[in-house]
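As stored in entry.cif (mmCIF, C-alpha atoms):
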data_model
loop_
_atom_site.label_atom_id
_atom_site.label_comp_id
_atom_site.auth_asym_id
_atom_site.auth_seq_id
_atom_site.Cartn_x
_atom_site.Cartn_y
_atom_site.Cartn_z
CA MET A 209 1.76 -13.84 -20.22
CA THR A 210 5.29 -12.70 -19.63
CA ASN A 211 6.95 -14.06 -16.58
CA PRO A 212 8.04 -11.13 -14.40
CA GLU A 213 11.11 -13.00 -13.22
CA THR A 214 12.62 -12.77 -16.69
CA THR A 215 12.95 -9.02 -16.23
CA ALA A 216 15.46 -9.66 -13.46
CA LEU A 217 19.05 -9.90 -14.61
CA PRO A 218 20.63 -13.35 -14.77
CA LYS A 219 22.40 -14.41 -11.63
CA LEU A 220 26.04 -14.26 -12.57
CA THR A 221 26.66 -12.02 -15.50
CA PRO A 222 30.05 -11.10 -16.82
CA TYR A 223 28.98 -7.57 -17.52
CA THR A 224 30.21 -6.03 -20.66
CA GLY A 225 29.47 -2.48 -21.65
CA SER A 226 30.94 0.82 -20.68
CA PHE A 227 31.17 2.27 -17.21
CA ALA A 228 28.13 4.41 -17.96
CA ASP A 229 26.18 1.27 -18.86
CA ASN A 230 27.09 -0.41 -15.61
CA VAL A 231 26.26 2.61 -13.49
CA LEU A 232 22.90 2.93 -15.14
CA ARG A 233 22.23 -0.77 -14.73
CA ILE A 234 22.60 -0.71 -10.94
CA ALA A 235 20.67 2.55 -10.75
CA LEU A 236 17.83 0.90 -12.67
CA ASP A 237 17.99 -2.16 -10.43
CA ILE A 238 17.51 0.04 -7.40
CA GLY A 239 14.80 2.08 -9.08
CA GLU A 240 12.97 -1.06 -10.12
CA GLY A 241 13.23 -2.47 -6.63
CA LEU A 242 11.79 0.70 -5.13
CA LEU A 243 8.97 0.99 -7.64
CA LYS A 244 7.98 -2.67 -7.38
CA ASN A 245 7.83 -2.62 -3.63
CA GLY A 246 5.60 0.36 -3.08
CA ALA A 247 7.59 3.56 -3.50
CA ASP A 248 6.11 6.60 -5.19
CA VAL A 249 7.44 7.83 -8.50
CA HIS A 250 9.19 10.83 -7.01
CA ARG A 251 11.27 8.67 -4.68
CA VAL A 252 12.26 6.37 -7.54
CA GLU A 253 13.39 9.25 -9.72
CA VAL A 254 15.33 10.90 -6.92
CA ALA A 255 17.07 7.62 -6.02
CA ILE A 256 18.10 6.93 -9.61
CA GLU A 257 19.38 10.45 -10.02
CA LYS A 258 21.37 10.31 -6.77
CA VAL A 259 22.98 6.98 -7.65
CA CYS A 260 23.97 8.13 -11.13
CA ARG A 261 25.31 11.42 -9.86
CA THR A 262 27.38 9.68 -7.21
CA TYR A 263 29.19 7.70 -9.90
CA GLY A 264 29.90 10.85 -11.84
CA ALA A 265 27.11 11.29 -14.35
CA ALA A 266 26.98 14.86 -15.59
CA HIS A 267 23.46 14.88 -16.95
CA ILE A 268 20.58 12.59 -16.05
CA ASP A 269 17.10 12.29 -17.56
CA VAL A 270 14.63 10.06 -15.74
CA PHE A 271 11.09 9.26 -16.75
CA THR A 272 9.00 6.94 -14.59
CA ILE A 273 5.45 5.69 -14.62
CA HIS A 274 4.07 2.72 -12.72
CA SER A 275 5.15 0.21 -15.38
CA LEU A 276 8.24 1.72 -16.97
CA ILE A 277 11.48 3.43 -16.03
CA LEU A 278 13.40 5.20 -18.77
CA VAL A 279 16.77 6.78 -18.05
CA ALA A 280 19.49 8.44 -20.08
CA ILE A 281 22.79 9.49 -18.53
CA TYR A 282 25.73 11.40 -19.96
CA MET A 283 29.22 11.15 -18.48
CA PRO A 284 31.65 14.08 -18.47
CA ASP A 285 33.97 12.21 -20.85
CA GLY A 286 31.29 12.04 -23.50
CA THR A 287 30.17 8.45 -23.07
CA HIS A 288 26.50 7.96 -22.51
CA SER A 289 23.93 5.26 -21.89
CA THR A 290 20.19 4.92 -22.28
CA GLN A 291 18.30 2.04 -20.76
CA SER A 292 14.76 1.23 -19.88
CA ARG A 293 13.13 -1.21 -17.50
CA ARG A 294 9.62 -2.59 -17.81
CA ILE A 295 7.92 -3.27 -14.48
CA PHE A 296 5.36 -6.03 -14.55
CA ASP A 297 3.99 -6.75 -11.15
CA ILE A 298 3.83 -4.86 -7.93
CA ALA A 299 5.07 -6.95 -5.04
CA ASN A 300 4.51 -4.58 -2.10
CA HIS A 301 7.34 -5.98 -0.05
CA LEU A 302 8.00 -3.12 2.34
CA THR A 303 11.10 -4.69 3.87
CA ARG A 304 12.74 -4.78 0.46
CA LEU A 305 11.64 -1.18 -0.05
CA GLU A 306 13.47 -0.16 3.09
CA LEU A 307 16.57 -2.15 2.11
CA TYR A 308 16.70 -0.59 -1.36
CA ASN A 309 16.25 2.81 0.21
CA ALA A 310 19.07 2.16 2.65
CA LEU A 311 21.25 0.90 -0.19
CA SER A 312 20.73 4.01 -2.28
CA ARG A 313 21.52 6.13 0.74
CA ARG A 314 24.71 4.13 1.40
CA ILE A 315 25.79 4.49 -2.22
CA CYS A 316 25.41 8.22 -1.92
CA GLU A 317 27.44 8.35 1.28
CA GLU A 318 30.18 5.79 0.70
CA LYS A 319 30.30 5.20 -3.06
CA PRO A 320 30.99 1.44 -2.93
CA SER A 321 32.22 -0.41 -6.00
CA ILE A 322 29.66 -1.43 -8.59
CA ASP A 323 30.31 -5.13 -7.99
CA GLU A 324 29.57 -4.69 -4.32
CA VAL A 325 26.31 -2.89 -5.05
CA ASP A 326 25.42 -5.68 -7.44
CA GLU A 327 25.98 -8.23 -4.72
CA GLN A 328 23.79 -6.24 -2.32
CA ILE A 329 20.98 -5.98 -4.85
CA ARG A 330 21.09 -9.72 -5.42
CA ARG A 331 20.87 -10.26 -1.68
CA ILE A 332 17.88 -7.91 -1.31
CA LYS A 333 16.07 -9.72 -4.12
CA HIS A 334 16.17 -12.91 -2.09
CA GLU A 335 15.28 -11.27 1.20
CA ARG A 336 12.55 -13.07 3.07
CA VAL A 337 11.53 -11.58 6.39
CA TYR A 338 8.56 -13.64 7.38
CA PRO A 339 8.00 -17.37 7.10
CA PHE A 340 4.79 -18.33 5.32
CA TYR A 341 2.80 -19.01 8.46
CA LEU A 342 3.30 -15.46 9.72
CA ILE A 343 2.05 -14.04 6.43
CA LEU A 344 -0.90 -16.40 6.59
CA LEU A 345 -1.49 -15.14 10.12
CA GLY A 346 -1.43 -11.64 8.69
CA TYR A 347 -4.23 -12.46 6.24
CA ILE A 348 -6.26 -14.08 9.00
CA LEU A 349 -5.76 -11.19 11.41
CA ALA A 350 -6.51 -8.56 8.79
CA ALA A 351 -9.75 -10.08 7.53
CA GLY A 352 -10.96 -11.19 10.94
CA SER A 353 -10.21 -7.88 12.62
CA PHE A 354 -11.85 -5.74 10.00
CA ALA A 355 -14.99 -7.86 9.90
CA VAL A 356 -15.33 -7.10 13.60
CA PHE A 357 -14.07 -3.51 13.22
CA PHE A 358 -16.91 -2.57 10.90
CA GLY A 359 -19.54 -3.93 13.22
CA GLY A 360 -19.59 -7.69 12.80
CA THR A 361 -19.80 -10.24 15.58
CA LEU A 362 -17.02 -12.59 16.65
CA ARG A 363 -18.51 -15.34 14.48
CA ASP A 364 -18.37 -13.04 11.46
CA GLY A 365 -14.72 -12.42 12.25
CA ILE A 366 -14.02 -16.15 12.35
CA SER A 367 -15.76 -16.72 9.01
CA ALA A 368 -13.80 -13.85 7.41
CA ALA A 369 -10.58 -15.30 8.82
CA LEU A 370 -11.36 -18.71 7.32
CA ILE A 371 -12.01 -17.13 3.92
CA ALA A 372 -8.74 -15.22 4.24
CA ILE A 373 -6.90 -18.57 4.31
CA VAL A 374 -8.33 -19.36 0.88
CA MET A 375 -7.35 -15.91 -0.36
CA TYR A 376 -3.82 -16.48 0.87
CA LEU A 377 -3.64 -19.68 -1.14
CA PHE A 378 -4.80 -17.80 -4.25
CA ASP A 379 -2.10 -15.19 -3.72
CA GLU A 380 0.66 -17.70 -3.15
CA VAL A 381 -0.10 -20.10 -5.97
CA LYS A 382 1.28 -18.46 -9.08
CA ILE A 383 -1.15 -19.01 -11.91
CA ASP A 384 0.59 -17.92 -15.09
CA TYR A 385 -2.31 -18.38 -17.49
CA PHE A 386 -4.56 -15.96 -15.60
CA ASN A 387 -4.13 -12.27 -16.04
CA LYS A 388 -4.20 -10.12 -12.95
CA MET A 389 -7.69 -8.71 -13.46
CA ALA A 390 -9.23 -12.13 -14.08
CA LYS A 391 -7.51 -13.44 -11.00
CA THR A 392 -8.86 -10.59 -8.86
CA THR A 393 -12.37 -11.28 -10.11
CA LEU A 394 -11.98 -14.99 -9.46
CA VAL A 395 -10.68 -14.45 -5.93
CA SER A 396 -13.51 -12.09 -5.07
CA PHE A 397 -16.07 -14.44 -6.62
CA VAL A 398 -14.77 -17.41 -4.65
CA SER A 399 -14.61 -15.50 -1.39
CA GLY A 400 -18.09 -14.12 -2.01
CA ILE A 401 -19.40 -17.66 -2.50
CA LEU A 402 -17.62 -18.82 0.64
CA ALA A 403 -19.05 -15.90 2.61
CA CYS A 404 -22.59 -16.81 1.48
CA LEU A 405 -21.94 -20.44 2.41
CA CYS A 406 -20.65 -19.42 5.83
CA VAL A 407 -23.92 -17.62 6.47
CA ARG A 408 -25.96 -20.53 5.06
CA ILE A 409 -24.37 -23.11 7.34
CA GLY A 410 -24.79 -20.79 10.29
CA LEU A 411 -21.19 -19.96 11.06
CA GLY A 412 -21.41 -16.29 10.18
CA GLU A 413 -24.27 -13.96 11.00
CA ASN A 414 -23.92 -10.86 8.85
CA LEU A 415 -23.01 -11.44 5.23
CA ASP A 416 -22.06 -7.78 4.74
CA MET A 417 -19.52 -7.75 7.53
CA ILE A 418 -17.82 -10.94 6.38
CA ILE A 419 -17.57 -9.55 2.86
CA ILE A 420 -16.25 -6.18 4.05
CA GLY A 421 -13.57 -7.92 6.10
CA THR A 422 -12.40 -9.92 3.10
CA ILE A 423 -12.66 -6.97 0.71
CA MET A 424 -10.21 -5.01 2.84
CA ILE A 425 -7.54 -7.53 1.80
CA LEU A 426 -8.28 -7.10 -1.89
CA ILE A 427 -8.56 -3.31 -2.02
CA PRO A 428 -5.47 -1.95 -3.80
CA GLY A 429 -4.79 0.39 -0.91
CA LEU A 430 -1.08 0.92 -1.35
CA SER A 431 -1.28 1.71 -5.04
CA LEU A 432 -4.21 4.07 -4.45
CA GLY A 433 -2.27 5.80 -1.70
CA ASN A 434 0.79 6.08 -3.91
CA ALA A 435 -1.39 7.40 -6.71
CA MET A 436 -2.54 10.19 -4.41
CA ARG A 437 1.06 10.93 -3.45
CA ASP A 438 2.07 11.04 -7.11
CA LEU A 439 -0.79 13.34 -8.04
CA LEU A 440 -0.14 15.69 -5.16
CA GLY A 441 3.58 15.59 -5.85
CA GLY A 442 3.10 16.73 -9.43
CA ASP A 443 3.61 13.41 -11.24
CA THR A 444 0.22 13.66 -12.87
CA LEU A 445 0.71 10.99 -15.51
CA ALA A 446 1.91 8.28 -13.14
CA GLY A 447 -0.79 9.15 -10.61
CA THR A 448 -3.58 9.09 -13.17
CA LEU A 449 -2.50 5.73 -14.56
CA LYS A 450 -2.36 4.20 -11.09
CA ILE A 451 -5.77 5.57 -10.14
CA VAL A 452 -7.30 4.16 -13.32
CA GLN A 453 -5.72 0.80 -12.55
CA ALA A 454 -6.96 0.85 -8.96
CA VAL A 455 -10.49 1.78 -10.06
CA ILE A 456 -10.57 -1.06 -12.59
CA ILE A 457 -9.43 -3.49 -9.92
CA ALA A 458 -12.16 -2.18 -7.61
CA VAL A 459 -14.76 -2.74 -10.34
CA MET A 460 -13.45 -6.28 -10.86
CA ILE A 461 -13.78 -6.96 -7.13
CA ALA A 462 -17.32 -5.61 -7.17
CA ILE A 463 -18.24 -7.81 -10.13
CA GLY A 464 -16.85 -10.89 -8.41
CA TYR A 465 -18.77 -10.32 -5.20
CA ALA A 466 -21.93 -9.27 -7.00
CA LEU A 467 -21.93 -12.49 -9.03
CA ALA A 468 -21.53 -14.52 -5.86
CA ILE A 469 -24.34 -12.67 -4.09
CA LEU A 470 -26.60 -13.02 -7.14
CA LEU A 471 -25.91 -16.73 -7.39
CA LEU A 472 -26.49 -17.58 -3.77
CA GLY A 473 -29.15 -14.95 -3.19
CA GLY A 474 -27.66 -13.27 -0.15
CA VAL A 475 -29.81 -10.81 1.71
CA ALA A 476 -27.69 -7.82 2.65
CA GLY A 477 -28.31 -4.27 3.74
CA MET B 153 -20.34 14.80 24.66
CA ASN B 154 -22.58 12.04 25.85
CA ILE B 155 -21.81 8.52 24.87
CA THR B 156 -23.78 5.52 25.95
CA ASN B 157 -22.19 2.34 27.21
CA GLU B 158 -22.96 0.66 23.93
CA GLU B 159 -21.11 3.29 21.91
CA LEU B 160 -18.18 3.13 24.31
CA MET B 161 -18.09 -0.64 23.87
CA GLY B 162 -18.07 -0.15 20.09
CA ILE B 163 -15.18 2.31 20.31
CA ILE B 164 -13.15 -0.07 22.49
CA ILE B 165 -13.78 -2.95 20.11
CA ARG B 166 -12.75 -0.80 17.14
CA LEU B 167 -9.56 0.30 18.88
CA ILE B 168 -8.57 -3.28 19.73
CA THR B 169 -9.35 -4.60 16.27
CA SER B 170 -7.50 -1.69 14.70
CA ILE B 171 -4.33 -2.92 16.43
CA THR B 172 -4.75 -6.52 15.30
CA GLY B 173 -5.85 -5.43 11.84
CA THR B 174 -2.86 -3.15 11.43
CA ILE B 175 -0.53 -5.94 12.52
CA GLY B 176 -2.24 -8.25 10.04
CA PHE B 177 -1.74 -5.83 7.17
CA SER B 178 1.84 -5.16 8.23
CA LEU B 179 2.54 -8.89 8.03
CA MET B 180 0.81 -9.13 4.65
CA PHE B 181 2.92 -6.33 3.26
CA LYS B 182 6.07 -7.53 5.00
CA VAL B 183 6.82 -4.48 7.08
CA PRO B 184 10.29 -4.98 8.59
CA ARG B 185 10.20 -6.78 11.93
CA LYS B 186 11.75 -3.94 13.90
CA ARG B 187 9.17 -1.46 12.55
CA LEU B 188 6.18 -3.66 13.37
CA PHE B 189 5.63 -2.09 16.78
CA TRP B 190 5.65 1.46 15.42
CA ALA B 191 3.30 0.53 12.61
CA ALA B 192 0.83 -1.04 15.05
CA LEU B 193 1.09 1.94 17.40
CA GLY B 194 0.40 4.22 14.45
CA GLY B 195 -2.71 2.25 13.53
CA LEU B 196 -3.98 2.44 17.11
CA THR B 197 -3.31 6.17 17.56
CA THR B 198 -4.71 7.06 14.15
CA SER B 199 -7.98 5.30 14.85
CA ALA B 200 -7.97 6.80 18.36
CA VAL B 201 -7.74 10.28 16.84
CA TYR B 202 -10.55 9.34 14.46
CA GLU B 203 -12.80 8.11 17.28
CA LEU B 204 -12.01 11.10 19.47
CA THR B 205 -12.83 13.67 16.80
CA ALA B 206 -15.93 11.66 15.87
CA VAL B 207 -17.14 11.80 19.48
CA LEU B 208 -16.34 15.50 19.82
CA GLY B 209 -17.43 16.78 16.43
CA GLY B 210 -19.37 14.04 14.74
CA ASP B 211 -18.63 15.05 11.17
CA PRO B 212 -16.95 12.16 9.28
CA MET B 213 -15.04 14.46 6.96
CA LEU B 214 -13.46 16.39 9.81
CA SER B 215 -12.54 13.16 11.61
CA ALA B 216 -10.97 11.78 8.45
CA PHE B 217 -9.07 15.00 7.93
CA MET B 218 -7.74 15.15 11.49
CA SER B 219 -6.78 11.49 11.66
CA SER B 220 -5.08 11.42 8.26
CA LEU B 221 -3.21 14.61 9.13
CA PHE B 222 -2.07 12.96 12.34
CA MET B 223 -1.19 9.74 10.53
CA ALA B 224 0.92 11.46 7.86
CA LEU B 225 2.79 13.55 10.43
CA TYR B 226 3.31 10.47 12.60
CA SER B 227 4.81 8.45 9.78
CA GLU B 228 6.96 11.31 8.48
CA PHE B 229 8.22 11.89 12.01
CA PHE B 230 9.19 8.27 12.58
CA ALA B 231 10.58 8.02 9.08
CA ARG B 232 13.02 10.81 9.89
CA ILE B 233 13.91 9.41 13.31
CA LEU B 234 14.30 5.77 12.30
CA HIS B 235 15.73 6.47 8.82
CA ALA B 236 13.09 4.55 6.91
CA PRO B 237 10.79 5.53 4.05
CA ALA B 238 7.58 7.09 5.36
CA VAL B 239 5.36 4.73 3.40
CA ILE B 240 6.35 1.85 5.70
CA PHE B 241 4.44 3.54 8.53
CA LEU B 242 1.93 5.40 6.42
CA PHE B 243 0.35 2.38 4.83
CA PRO B 244 -0.43 0.32 7.96
CA CYS B 245 -1.65 3.46 9.76
CA ALA B 246 -4.00 4.35 6.92
CA ILE B 247 -5.84 1.04 6.96
CA PRO B 248 -8.20 1.70 9.91
CA ILE B 249 -9.54 4.94 8.41
CA VAL B 250 -10.26 3.48 4.97
CA PRO B 251 -14.06 3.72 4.67
CA GLY B 252 -14.43 0.03 3.83
CA ARG B 253 -18.00 -0.26 5.04
CA GLY B 254 -19.26 2.77 3.14
CA LEU B 255 -17.39 1.70 0.03
CA TYR B 256 -18.96 -1.73 0.14
CA TYR B 257 -22.50 -0.43 0.55
CA THR B 258 -21.96 2.22 -2.12
CA ILE B 259 -20.91 -0.40 -4.64
CA TYR B 260 -23.58 -2.81 -3.42
CA TYR B 261 -26.41 -0.33 -3.91
CA THR B 262 -24.98 0.81 -7.22
CA LEU B 263 -25.14 -2.75 -8.52
CA PHE B 264 -28.44 -3.62 -6.87
CA TYR B 265 -29.83 -0.21 -7.60
CA ASN B 266 -31.41 1.59 -4.66
CA GLN B 267 -31.12 5.33 -5.01
CA GLU B 268 -32.01 6.29 -1.47
CA LYS B 269 -29.55 3.96 0.24
CA LEU B 270 -26.91 4.65 -2.41
CA LEU B 271 -26.94 8.35 -1.56
CA PHE B 272 -27.07 7.59 2.14
CA TYR B 273 -23.83 5.60 1.96
CA ALA B 274 -22.07 7.39 -0.88
CA LYS B 275 -22.08 10.82 0.77
CA PRO B 276 -20.07 10.00 3.92
CA THR B 277 -17.78 7.68 1.94
CA LEU B 278 -16.89 10.42 -0.52
CA SER B 279 -16.40 12.99 2.19
CA ILE B 280 -14.14 10.64 4.16
CA ALA B 281 -12.05 9.98 1.05
CA LEU B 282 -11.84 13.71 0.42
CA GLY B 283 -10.93 14.33 4.06
CA ILE B 284 -8.10 11.79 3.89
CA ALA B 285 -6.74 13.31 0.68
CA VAL B 286 -6.84 16.84 2.08
CA GLY B 287 -5.31 15.71 5.37
CA VAL B 288 -2.40 13.91 3.72
CA SER B 289 -1.67 16.77 1.34
CA PHE B 290 -1.86 19.28 4.19
CA ALA B 291 0.65 17.17 6.13
CA SER B 292 2.98 16.99 3.14
CA ILE B 293 2.93 20.79 2.89
CA ILE B 294 3.75 21.09 6.59
CA VAL B 295 6.58 18.55 6.25
CA SER B 296 8.11 20.24 3.21
CA VAL B 297 8.02 23.64 4.94
CA LEU B 298 9.65 22.16 8.04
CA MET B 299 12.29 20.43 5.91
CA HIS B 300 13.02 23.69 4.15
CA ILE B 301 13.48 25.50 7.46
CA SER B 302 15.66 22.76 8.96
CA LYS B 303 17.85 22.68 5.86
CA ARG B 304 18.66 26.33 6.36
CA PHE B 305 19.94 25.70 9.86
CA HIS B 306 21.80 22.48 9.22
CA GLU B 307 24.39 21.74 6.65
CA LYS B 308 22.87 20.62 3.42
CA LYS B 309 22.52 16.87 3.61
CA GLN B 310 22.95 15.36 0.18
CA CYS B 311 21.94 11.83 1.02
CA GLU B 312 18.55 12.34 2.59
#
Now, as a test, write the supplied structure out as structure tokens.
Amino acid sequence: MTNPETTALPKLTPYTGSFADNVLRIALDIGEGLLKNGADVHRVEVAIEKVCRTYGAAHIDVFTIHSLILVAIYMPDGTHSTQSRRIFDIANHLTRLELYNALSRRICEEKPSIDEVDEQIRRIKHERVYPFYLILLGYILAAGSFAVFFGGTLRDGISAALIAIVMYLFDEVKIDYFNKMAKTTLVSFVSGILACLCVRIGLGENLDMIIIGTIMILIPGLSLGNAMRDLLGGDTLAGTLKIVQAVIIAVMIAIGYALAILLLGGVAG
Amino acid sequence: MNITNEELMGIIIRLITSITGTIGFSLMFKVPRKRLFWAALGGLTTSAVYELTAVLGGDPMLSAFMSSLFMALYSEFFARILHAPAVIFLFPCAIPIVPGRGLYYTIYYTLFYNQEKLLFYAKPTLSIALGIAVGVSFASIIVSVLMHISKRFHEKKQCE
């Protein structure tokens, strides 16, 4: 499994290459940052185009799907550059999304030097807004609230919140030798087992509600929403690919929970 | 429009949990600190619109349509005002109207096959999903028309 961090550029690089190369490199950095952190394809393409045009590119071709950005630019003096960027994992870090967006806007307005933009990008990559306990709190709140939201009791909410802690641990611990689909199945299987156990020991009351609360965390909501935006915006290819991915993830989640329910013989419905 | 005390209690519980749930998801997806309030407010108002239309009309598809229309306009509006990408507000707001319960039962009864219950849960789930899609696309049409009009009156802003 390829480590996604290797796609990031090394920390201090004495960049060689023409001006066109350098312009395209920062444009791709921004595009990658947007795409990784939950932007739709249209926004990514517009941002890359704006950045390149600001630095004087005469002709720009951008092609983006959820896992690849491919750009060619031509400068008025005849130099040109073609680069691509493979996107491995989606991070959904909305603060970084906003910072990249602000950066691309600033580039368009002020045209800072390429080194300065580079510095900014490096800073955004290391941006951390919330300490770990607040994110953990987010998992707990989300699962607990939605178990109650969909009709569970307070005890169901507490069980869902406890399971959410385990899910947080799964998300934080980077397991390289698992692929993403297998990991999703494993997480849903484990949380399904835990939900059944919670009901068995008498902590939770309704198995369904606990499971629904925890499923809400796993549902690939942002990528599904972006897929809809892509489809409606005319980027049919990117939208279709994302929808297929989201559906496969949903099936994996269903398999995980179904296995758990089958094993521990939950009575639901 | 008659609602019993029990239903009213359910609505209040759903409104409160929609706030905490939205905040939870905002933290999970690292919504910027200064946008957290607006995201939570969006989650509350979106689910309030959903509950209101559900009480008045009763049809899940219409409620989903109205609330997702509201949600998309809300997030586009605050995106313009606060100079942030709309998705930062859109995503947390969308969470309370995701038909999680129906989706779960649909998949559950597909796997443990029970045709009657499958249809019972699949129909509203599909219509809610359709309602959300139509609502969001309707809102995007409205927004693009408004943008087009406002661009005619203002100077053309290159860096939007």
Q | Two-atom distance - atom CA of Leu432 of chain A, atom CA of Thr392 of chain A (Å) | A |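 The value is 16.0 Å.
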(Q) Could you tell me, as an MDAnalysis selection string, exactly which residues end up selected when the PyMOL selection byres ((chain B) within 8 of (chain A)) is applied to this structure? (A) chainID B and resid 162 165:166 169:170 172:185 236:237 239:240 243 247 252:253 256:257 259:260 263 285 289 310:312
Q: I would like the residues chosen by the PyMOL selection byres ((chain A and resi 253) around 8) on the shown file; could you give them as a list in words?
A: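 On this input, the PyMOL selection byres ((chain A and resi 253) around 8) captures Gly239, Val249, His250, Arg251, Val252, Val254, Ala255, Ile256, Glu257, Val270, Phe271 and Thr272 of chain A.
The spacing separating atom CA of Ser296 of chain B from atom CA of Leu439 of chain A amounts to 15.9 Å.
The spacing separating atom CA of Arg363 of chain A from atom CA of Ile409 of chain A amounts to 12.1 Å.
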If the PyMOL selection byres ((chain B and resi 221) around 12) were run on this exact file, what residues would it hold? Put them as a short mmCIF file (atom, residue, chain, number, x, y, z; two decimals) with C-alpha atoms, in the coordinates of the input.
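Result file follows (part_23.cif):
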data_model
loop_
_atom_site.label_atom_id
_atom_site.label_comp_id
_atom_site.auth_asym_id
_atom_site.auth_seq_id
_atom_site.Cartn_x
_atom_site.Cartn_y
_atom_site.Cartn_z
CA THR B 197 -3.31 6.17 17.56
CA THR B 198 -4.71 7.06 14.15
CA SER B 199 -7.98 5.30 14.85
CA VAL B 201 -7.74 10.28 16.84
CA TYR B 202 -10.55 9.34 14.46
CA LEU B 214 -13.46 16.39 9.81
CA SER B 215 -12.54 13.16 11.61
CA ALA B 216 -10.97 11.78 8.45
CA PHE B 217 -9.07 15.00 7.93
CA MET B 218 -7.74 15.15 11.49
CA SER B 219 -6.78 11.49 11.66
CA SER B 220 -5.08 11.42 8.26
CA PHE B 222 -2.07 12.96 12.34
CA MET B 223 -1.19 9.74 10.53
CA ALA B 224 0.92 11.46 7.86
CA LEU B 225 2.79 13.55 10.43
CA TYR B 226 3.31 10.47 12.60
CA SER B 227 4.81 8.45 9.78
CA GLU B 228 6.96 11.31 8.48
CA LEU B 242 1.93 5.40 6.42
CA CYS B 245 -1.65 3.46 9.76
CA ALA B 246 -4.00 4.35 6.92
CA ILE B 249 -9.54 4.94 8.41
CA GLY B 283 -10.93 14.33 4.06
CA ILE B 284 -8.10 11.79 3.89
CA ALA B 285 -6.74 13.31 0.68
CA VAL B 286 -6.84 16.84 2.08
CA GLY B 287 -5.31 15.71 5.37
CA VAL B 288 -2.40 13.91 3.72
CA SER B 289 -1.67 16.77 1.34
CA PHE B 290 -1.86 19.28 4.19
CA ALA B 291 0.65 17.17 6.13
CA SER B 292 2.98 16.99 3.14
CA ILE B 293 2.93 20.79 2.89
CA ILE B 294 3.75 21.09 6.59
CA VAL B 295 6.58 18.55 6.25
#
Q. Nearest to Val279 of chain A: which of A:Met375, A:Leu472, A:Leu242, A:Ala228 is it, counting all atoms listed in the file?
A. A:Ala228
Q. Any idea what's packed within 8 Å of segment 289-296 of chain A, counting all atoms listed in the file, ignoring anything in its chain fewer than 6 positions away? Could you give it as a list of chain:residue names?
A. A:Pro212, A:Thr215, A:Ala228, A:Asp229, A:Leu232, A:Arg233, A:Leu236, A:Glu240, A:Lys244, A:His274, A:Ser275, A:Leu276, A:Ile277, A:Leu278, A:Val279, A:Ala280, A:Ile281, A:Tyr282
How about completing segment 407-418 of chain A with N, CA and C atoms and giving it to me as a PDB file, in the coordinates of the input?
ATOM      1  N   VAL A 407     -22.664 -18.061   5.876  1.00  0.00           N
ATOM      2  CA  VAL A 407     -23.920 -17.620   6.470  1.00  0.00           C
ATOM      3  C   VAL A 407     -24.964 -18.731   6.392  1.00  0.00           C
ATOM      4  N   ARG A 408     -24.969 -19.452   5.235  1.00  0.00           N
ATOM      5  CA  ARG A 408     -25.960 -20.530   5.060  1.00  0.00           C
ATOM      6  C   ARG A 408     -25.810 -21.628   6.093  1.00  0.00           C
ATOM      7  N   ILE A 409     -24.537 -22.015   6.377  1.00  0.00           N
ATOM      8  CA  ILE A 409     -24.370 -23.110   7.340  1.00  0.00           C
ATOM      9  C   ILE A 409     -24.433 -22.607   8.772  1.00  0.00           C
ATOM     10  N   GLY A 410     -24.573 -21.296   8.944  1.00  0.00           N
ATOM     11  CA  GLY A 410     -24.790 -20.790  10.290  1.00  0.00           C
ATOM     12  C   GLY A 410     -23.546 -20.404  11.048  1.00  0.00           C
ATOM     13  N   LEU A 411     -22.410 -20.371  10.355  1.00  0.00           N
ATOM     14  CA  LEU A 411     -21.190 -19.960  11.060  1.00  0.00           C
ATOM     15  C   LEU A 411     -21.165 -18.449  11.222  1.00  0.00           C
ATOM     16  N   GLY A 412     -21.397 -17.745  10.103  1.00  0.00           N
ATOM     17  CA  GLY A 412     -21.410 -16.290  10.180  1.00  0.00           C
ATOM     18  C   GLY A 412     -22.819 -15.772  10.365  1.00  0.00           C
ATOM     19  N   GLU A 413     -22.932 -14.510  10.805  1.00  0.00           N
ATOM     20  CA  GLU A 413     -24.270 -13.960  11.000  1.00  0.00           C
ATOM     21  C   GLU A 413     -24.599 -12.888   9.986  1.00  0.00           C
ATOM     22  N   ASN A 414     -23.661 -11.950   9.782  1.00  0.00           N
ATOM     23  CA  ASN A 414     -23.920 -10.860   8.850  1.00  0.00           C
ATOM     24  C   ASN A 414     -23.065 -11.034   7.598  1.00  0.00           C
ATOM     25  N   LEU A 415     -23.728 -11.252   6.489  1.00  0.00           N
ATOM     26  CA  LEU A 415     -23.010 -11.440   5.230  1.00  0.00           C
ATOM     27  C   LEU A 415     -22.173 -10.207   4.891  1.00  0.00           C
ATOM     28  N   ASP A 416     -22.760  -9.020   5.106  1.00  0.00           N
ATOM     29  CA  ASP A 416     -22.060  -7.780   4.740  1.00  0.00           C
ATOM     30  C   ASP A 416     -20.723  -7.678   5.437  1.00  0.00           C
ATOM     31  N   MET A 417     -20.741  -7.960   6.751  1.00  0.00           N
ATOM     32  CA  MET A 417     -19.520  -7.750   7.530  1.00  0.00           C
ATOM     33  C   MET A 417     -18.427  -8.714   7.124  1.00  0.00           C
ATOM     34  N   ILE A 418     -18.829  -9.964   6.827  1.00  0.00           N
ATOM     35  CA  ILE A 418     -17.820 -10.940   6.380  1.00  0.00           C
ATOM     36  C   ILE A 418     -17.212 -10.453   5.074  1.00  0.00           C
TER      37      ILE A 418
END
